[in-house]
Each structure stands twice: as structure tokens, then as C-alpha cells.
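Asker: Handing you this structure, nothing more for now.
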Amino acid sequence: MATIQITVSGIDELVVDYDKFIFDMRNNMVVPLDEAAAKYLKVLSANFASRGALFNEPWPPLSEATIRDKRNLMKTGGAISTAPLVRTGAFRSGFGRGISGLTKAFLYNTQKYALLHNEGGTSVYNGKRVNIPRRVLADVDTERINMVAAVFTDWFNKIIKKNRL
């Protein structure tokens with residue numbers, strides 16, 4: 001009777017590679033999180049420049065009263081533009097990103113009125129109640145979901161290759 005012998009080797013190396021893979025998956029998630037947040041931040045900047053067109057929601061024009069107020073402010077240095085959402089430049093330059101723990105990234109704007117402009121609503125200006133139209137600054141759509149997914153897919157493939165799995 002013939003005997004066939006099967007020898008399995010490389011198990012120890014595979015376990016070490018797998019442990020490194022698990023470490024990367026648990027502890028280095030900030031790499032794709034930060035990259036995805038950085039890319040999304042560029043999207044927000046491009047959307048601001050396109051005045052909402054990037055998310056297919058062009059911003060409504062300013063009211064004549066608002067344009068008049070901004071022109072008066074420009075004469076005294078209180079405004080730099082009559083464009084929507086630009087008075088001093090603080091709002092446009094207020095976008096940023098951050099990481100929270102190992103599993104969360106976030107985008108923000110330092111100006112407290114950012115959410116009001118993004119969603120629309122009412123506010124008080126010079127003692128009068130005014131309607132603020134929705135001017136989309138940030139949104140989640142299929143294109144951006146795919147952009148973030150691609151960042152994670154690329155990162156995952158690099159981790160697999162690095163750890164020889």
C-alpha cells in the first residue's frame with residue numbers, strides 16, 4: 001500500500017501576518033478616516049466655490065436688502081464681497097476636519113451659523129426676523145459615498161498586501 005504524506009508549513013508565519021493585519025485594522029483606521037475627511041473637505045471647498053452647484057443645489061440669490069447691506073458694509077471695511085455666504089471670509093475659511101478615537105472622522109465649520117445656512121431657517125438680524133434660505137454647504141450623496149468607499153477599499157488592499165494575506 002502506498003502512503004501519501006501531507007505536510008503543512010507556514011502556519012506560524014500566517015498567524016503572525018494575521019495578527020499584524022488585525023492590528024492594522026483595529027489601530028490604523030485613522031489613516032483612511034483622515035484621508036477620506038481630507039478629500040471631503042476639498043469637496044466642500046469646491047462646492048462653496050461653485051455656490052452649491054457641486055451638489056446640484058445652486059444657492060438662491062441674495063435679496064436686494066442683503067446686497068444693499070453688504071455694499072454699505074464694504075464701504076467701512078465690514079465686508080469683502082456681495083457674494084452669498086461671504087462677508088468677511090471667516091465662514092469660507094472655517095471648514096476643518098478632525099478624528100475622534102479610532103473609528104470616527106468629522107468635518108466642521110467654526111462659524112456657529114453654518115448649520116442654519118446649510119438647512120435654511122429663520123434668524124434675527126438687526127432686530128428683525130429674517131428667513132435664511134437653504135444654501136447647501138455639505139451633503140452626502142452617492143458620488144461622495146463612493147469616494148469615501150474607494151479610500152477605504154484602497155487602504156484595505158494595501159493592508160492585505162503589506163501583511164501578505
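Ligands are numbered from 1 in the order shown, chains are lettered A, B, ... in the order of the C-alpha cells, and residues start at 1 in each chain.
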Quick check for you: according to DSSP on this backbone, which residues of range 6-156 of chain A are classed as alpha helix (DSSP H)? Reply as a compact mmCIF listing (two decimals) with N, CA and C atoms, in the first residue's frame.
Answerer:
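Now in part-v8.txt:
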```txt
# COMPACT_ATOMS: atom_id res chain seq x y z
N ILE A 11 2.32 27.88 9.02
CA ILE A 11 1.21 28.26 9.90
C ILE A 11 1.65 29.36 10.87
N ASP A 12 2.82 29.23 11.46
CA ASP A 12 3.28 30.25 12.41
C ASP A 12 3.41 31.61 11.74
N GLU A 13 3.96 31.62 10.51
CA GLU A 13 4.11 32.87 9.78
C GLU A 13 2.75 33.47 9.43
N LEU A 14 1.80 32.61 9.05
CA LEU A 14 0.47 33.08 8.72
C LEU A 14 -0.20 33.72 9.94
N VAL A 15 -0.03 33.10 11.10
CA VAL A 15 -0.62 33.63 12.32
C VAL A 15 -0.02 35.00 12.64
N VAL A 16 1.29 35.14 12.48
CA VAL A 16 1.94 36.43 12.74
C VAL A 16 1.42 37.47 11.76
N ASP A 17 1.33 37.11 10.46
CA ASP A 17 0.82 38.05 9.46
C ASP A 17 -0.63 38.43 9.77
N TYR A 18 -1.42 37.44 10.18
CA TYR A 18 -2.81 37.70 10.51
C TYR A 18 -2.91 38.64 11.72
N ASP A 19 -2.08 38.44 12.72
CA ASP A 19 -2.07 39.31 13.90
C ASP A 19 -1.72 40.76 13.50
N LYS A 20 -0.75 40.92 12.59
CA LYS A 20 -0.40 42.26 12.12
C LYS A 20 -1.57 42.89 11.37
N PHE A 21 -2.25 42.07 10.58
CA PHE A 21 -3.41 42.53 9.84
C PHE A 21 -4.50 43.02 10.80
N ILE A 22 -4.79 42.24 11.82
CA ILE A 22 -5.78 42.61 12.82
C ILE A 22 -5.36 43.91 13.52
N PHE A 23 -4.08 44.03 13.84
CA PHE A 23 -3.59 45.26 14.48
C PHE A 23 -3.85 46.47 13.58
N ASP A 24 -3.50 46.34 12.30
CA ASP A 24 -3.72 47.44 11.36
C ASP A 24 -5.21 47.79 11.27
N MET A 25 -6.04 46.78 11.20
CA MET A 25 -7.48 47.02 11.07
C MET A 25 -8.04 47.71 12.31
N ARG A 26 -7.54 47.38 13.46
CA ARG A 26 -8.06 47.96 14.71
C ARG A 26 -7.44 49.31 15.04
N ASN A 27 -6.15 49.47 14.79
CA ASN A 27 -5.42 50.62 15.30
C ASN A 27 -5.01 51.66 14.28
N VAL A 30 -7.38 55.25 11.50
CA VAL A 30 -7.32 56.72 11.37
C VAL A 30 -6.71 57.14 10.04
N VAL A 31 -5.92 56.29 9.44
CA VAL A 31 -5.29 56.63 8.15
C VAL A 31 -6.36 56.84 7.08
N PRO A 32 -7.23 55.87 6.81
CA PRO A 32 -8.25 56.12 5.79
C PRO A 32 -9.31 57.13 6.25
N LEU A 33 -9.58 57.17 7.55
CA LEU A 33 -10.54 58.15 8.05
C LEU A 33 -10.06 59.56 7.75
N ASP A 34 -8.80 59.84 8.05
CA ASP A 34 -8.27 61.18 7.81
C ASP A 34 -8.19 61.48 6.31
N GLU A 35 -7.80 60.49 5.52
CA GLU A 35 -7.73 60.70 4.07
C GLU A 35 -9.11 60.99 3.49
N ALA A 36 -10.12 60.23 3.94
CA ALA A 36 -11.48 60.46 3.46
C ALA A 36 -11.98 61.84 3.88
N ALA A 37 -11.69 62.23 5.12
CA ALA A 37 -12.11 63.55 5.60
C ALA A 37 -11.41 64.66 4.81
N ALA A 38 -10.13 64.47 4.51
CA ALA A 38 -9.39 65.48 3.74
C ALA A 38 -9.99 65.63 2.34
N LYS A 39 -10.35 64.50 1.71
CA LYS A 39 -10.96 64.56 0.38
C LYS A 39 -12.32 65.24 0.44
N TYR A 40 -13.08 64.92 1.48
CA TYR A 40 -14.41 65.54 1.61
C TYR A 40 -14.28 67.03 1.85
N LEU A 41 -13.26 67.43 2.58
CA LEU A 41 -13.03 68.85 2.82
C LEU A 41 -12.78 69.59 1.51
N LYS A 42 -12.06 68.96 0.59
CA LYS A 42 -11.84 69.55 -0.73
C LYS A 42 -13.15 69.67 -1.50
N VAL A 43 -14.03 68.69 -1.32
CA VAL A 43 -15.35 68.74 -1.95
C VAL A 43 -16.13 69.94 -1.43
N LEU A 44 -16.08 70.16 -0.11
CA LEU A 44 -16.80 71.29 0.47
C LEU A 44 -16.27 72.62 -0.07
N SER A 45 -14.96 72.70 -0.22
CA SER A 45 -14.36 73.91 -0.77
C SER A 45 -14.81 74.14 -2.21
N ALA A 46 -14.82 73.07 -2.99
CA ALA A 46 -15.25 73.17 -4.39
C ALA A 46 -16.74 73.53 -4.46
N ASN A 47 -17.53 72.98 -3.56
CA ASN A 47 -18.96 73.30 -3.54
C ASN A 47 -19.18 74.76 -3.17
N PHE A 48 -18.39 75.25 -2.22
CA PHE A 48 -18.50 76.66 -1.84
C PHE A 48 -18.17 77.53 -3.05
N ALA A 49 -17.10 77.19 -3.75
CA ALA A 49 -16.70 77.97 -4.92
C ALA A 49 -17.77 77.93 -6.02
N GLU A 64 -32.28 91.82 -2.38
CA GLU A 64 -31.78 93.18 -2.65
C GLU A 64 -31.38 93.88 -1.35
N ALA A 65 -32.14 93.64 -0.28
CA ALA A 65 -31.82 94.26 1.02
C ALA A 65 -30.48 93.76 1.54
N THR A 66 -30.20 92.48 1.39
CA THR A 66 -28.93 91.93 1.85
C THR A 66 -27.77 92.48 1.02
N ILE A 67 -27.95 92.57 -0.28
CA ILE A 67 -26.91 93.14 -1.15
C ILE A 67 -26.64 94.59 -0.75
N ARG A 68 -27.69 95.33 -0.51
CA ARG A 68 -27.55 96.73 -0.09
C ARG A 68 -26.77 96.82 1.24
N ASP A 69 -27.14 95.97 2.20
CA ASP A 69 -26.42 95.94 3.49
C ASP A 69 -24.94 95.62 3.30
N LYS A 70 -24.66 94.64 2.46
CA LYS A 70 -23.27 94.25 2.24
C LYS A 70 -22.47 95.35 1.54
N ARG A 71 -23.09 96.03 0.60
CA ARG A 71 -22.40 97.15 -0.07
C ARG A 71 -22.06 98.25 0.93
N ASN A 72 -22.98 98.55 1.81
CA ASN A 72 -22.73 99.55 2.85
C ASN A 72 -21.60 99.10 3.77
N LEU A 73 -21.60 97.81 4.13
CA LEU A 73 -20.53 97.29 4.98
C LEU A 73 -19.17 97.33 4.27
N MET A 74 -19.17 97.14 2.96
CA MET A 74 -17.92 97.17 2.20
C MET A 74 -17.28 98.56 2.26
N LYS A 75 -18.09 99.58 2.32
CA LYS A 75 -17.57 100.96 2.37
C LYS A 75 -16.79 101.21 3.66
N ALA A 114 -23.29 78.02 10.52
CA ALA A 114 -23.12 77.15 9.35
C ALA A 114 -24.32 76.23 9.13
N LEU A 115 -24.78 75.61 10.19
CA LEU A 115 -25.90 74.68 10.06
C LEU A 115 -27.17 75.40 9.61
N LEU A 116 -27.39 76.60 10.11
CA LEU A 116 -28.57 77.37 9.71
C LEU A 116 -28.55 77.63 8.20
N HIS A 117 -27.40 77.99 7.68
CA HIS A 117 -27.31 78.25 6.23
C HIS A 117 -27.44 76.96 5.43
N ASN A 118 -26.88 75.87 5.93
CA ASN A 118 -26.95 74.59 5.22
C ASN A 118 -28.39 74.06 5.14
N GLU A 119 -29.15 74.26 6.20
CA GLU A 119 -30.50 73.71 6.26
C GLU A 119 -31.60 74.75 5.99
N THR A 142 -24.44 59.91 -3.50
CA THR A 142 -23.83 58.67 -4.00
C THR A 142 -22.38 58.88 -4.42
N GLU A 143 -22.11 59.97 -5.09
CA GLU A 143 -20.73 60.23 -5.56
C GLU A 143 -19.76 60.33 -4.38
N ARG A 144 -20.16 61.03 -3.33
CA ARG A 144 -19.28 61.18 -2.16
C ARG A 144 -19.18 59.87 -1.37
N ILE A 145 -20.25 59.10 -1.30
CA ILE A 145 -20.20 57.80 -0.64
C ILE A 145 -19.20 56.91 -1.38
N ASN A 146 -19.26 56.92 -2.69
CA ASN A 146 -18.31 56.12 -3.49
C ASN A 146 -16.88 56.61 -3.32
N MET A 147 -16.70 57.93 -3.18
CA MET A 147 -15.36 58.49 -2.97
C MET A 147 -14.78 57.98 -1.66
N VAL A 148 -15.57 58.02 -0.59
CA VAL A 148 -15.10 57.55 0.71
C VAL A 148 -14.88 56.03 0.68
N ALA A 149 -15.78 55.30 0.05
CA ALA A 149 -15.63 53.84 -0.05
C ALA A 149 -14.34 53.49 -0.79
N ALA A 150 -14.00 54.25 -1.83
CA ALA A 150 -12.77 53.98 -2.58
C ALA A 150 -11.53 54.19 -1.70
N VAL A 151 -11.56 55.20 -0.84
CA VAL A 151 -10.44 55.42 0.08
C VAL A 151 -10.25 54.20 0.97
N PHE A 152 -11.34 53.69 1.52
CA PHE A 152 -11.24 52.53 2.41
C PHE A 152 -10.87 51.26 1.65
N THR A 153 -11.38 51.10 0.45
CA THR A 153 -11.02 49.93 -0.36
C THR A 153 -9.53 49.93 -0.68
N ASP A 154 -9.00 51.08 -1.09
CA ASP A 154 -7.56 51.18 -1.38
C ASP A 154 -6.73 50.88 -0.13
N TRP A 155 -7.14 51.44 0.99
CA TRP A 155 -6.41 51.22 2.24
C TRP A 155 -6.45 49.74 2.63
N PHE A 156 -7.62 49.14 2.54
CA PHE A 156 -7.77 47.72 2.87
C PHE A 156 -6.88 46.85 1.99
```
Asker: CA of Lys161 in chain A to CA of Gly101 in chain A: how many Å, to one decimal?
Answerer: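 Taking CA of Lys161 in chain A as the start and CA of Gly101 in chain A as the end point, the length is 25.4 Å.
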Asker: My list of candidates is A:Pro133, A:Tyr108, A:Met29, A:Ala83. Which is closest to Gly121 in chain A when distances are computed with only C-alpha atoms?
Answerer: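 Result for the nearest residue to Gly121 in chain A: A:Pro133.
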Asker: So the first atom is CA of Leu102 in chain A and the second is CA of Asn28 in chain A; what is the distance between them in Å, to one decimal place?
Answerer: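 Between CA of Leu102 in chain A and CA of Asn28 in chain A the gap works out to 7.5 Å.
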Asker: Between CA of Gly52 in chain A and CA of Asp141 in chain A, what is the spacing in Å?
Answerer: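 CA of Gly52 in chain A lies 13.3 Å from CA of Asp141 in chain A.
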Asker: Can you list, as a ChimeraX atom specification, all residues belonging to range 54-133 of chain A that DSSP tags as strand (DSSP E or B)?
Answerer: /A:95-100,104-109,121-125,128-132
Asker: Using only C-alpha atoms, determine which residues lie at most 8 Å from Gln111 in chain A, disregarding the query and same-chain residues fewer than 4 positions distant; provide the list as an MDAnalysis selection string.
Answerer: chainID A and resid 90:91 94
Asker: Given the selection you just returned, output its residues as a file containing C-alpha atoms, formatted as a tab-separated table (two decimals), in the first residue's frame.
Answerer:
```tsv
chain	number	residue	atom	x	y	z
A	90	ALA	CA	-14.37	83.65	8.12
A	91	PHE	CA	-17.18	81.32	7.10
A	94	GLY	CA	-13.90	77.99	8.82
```
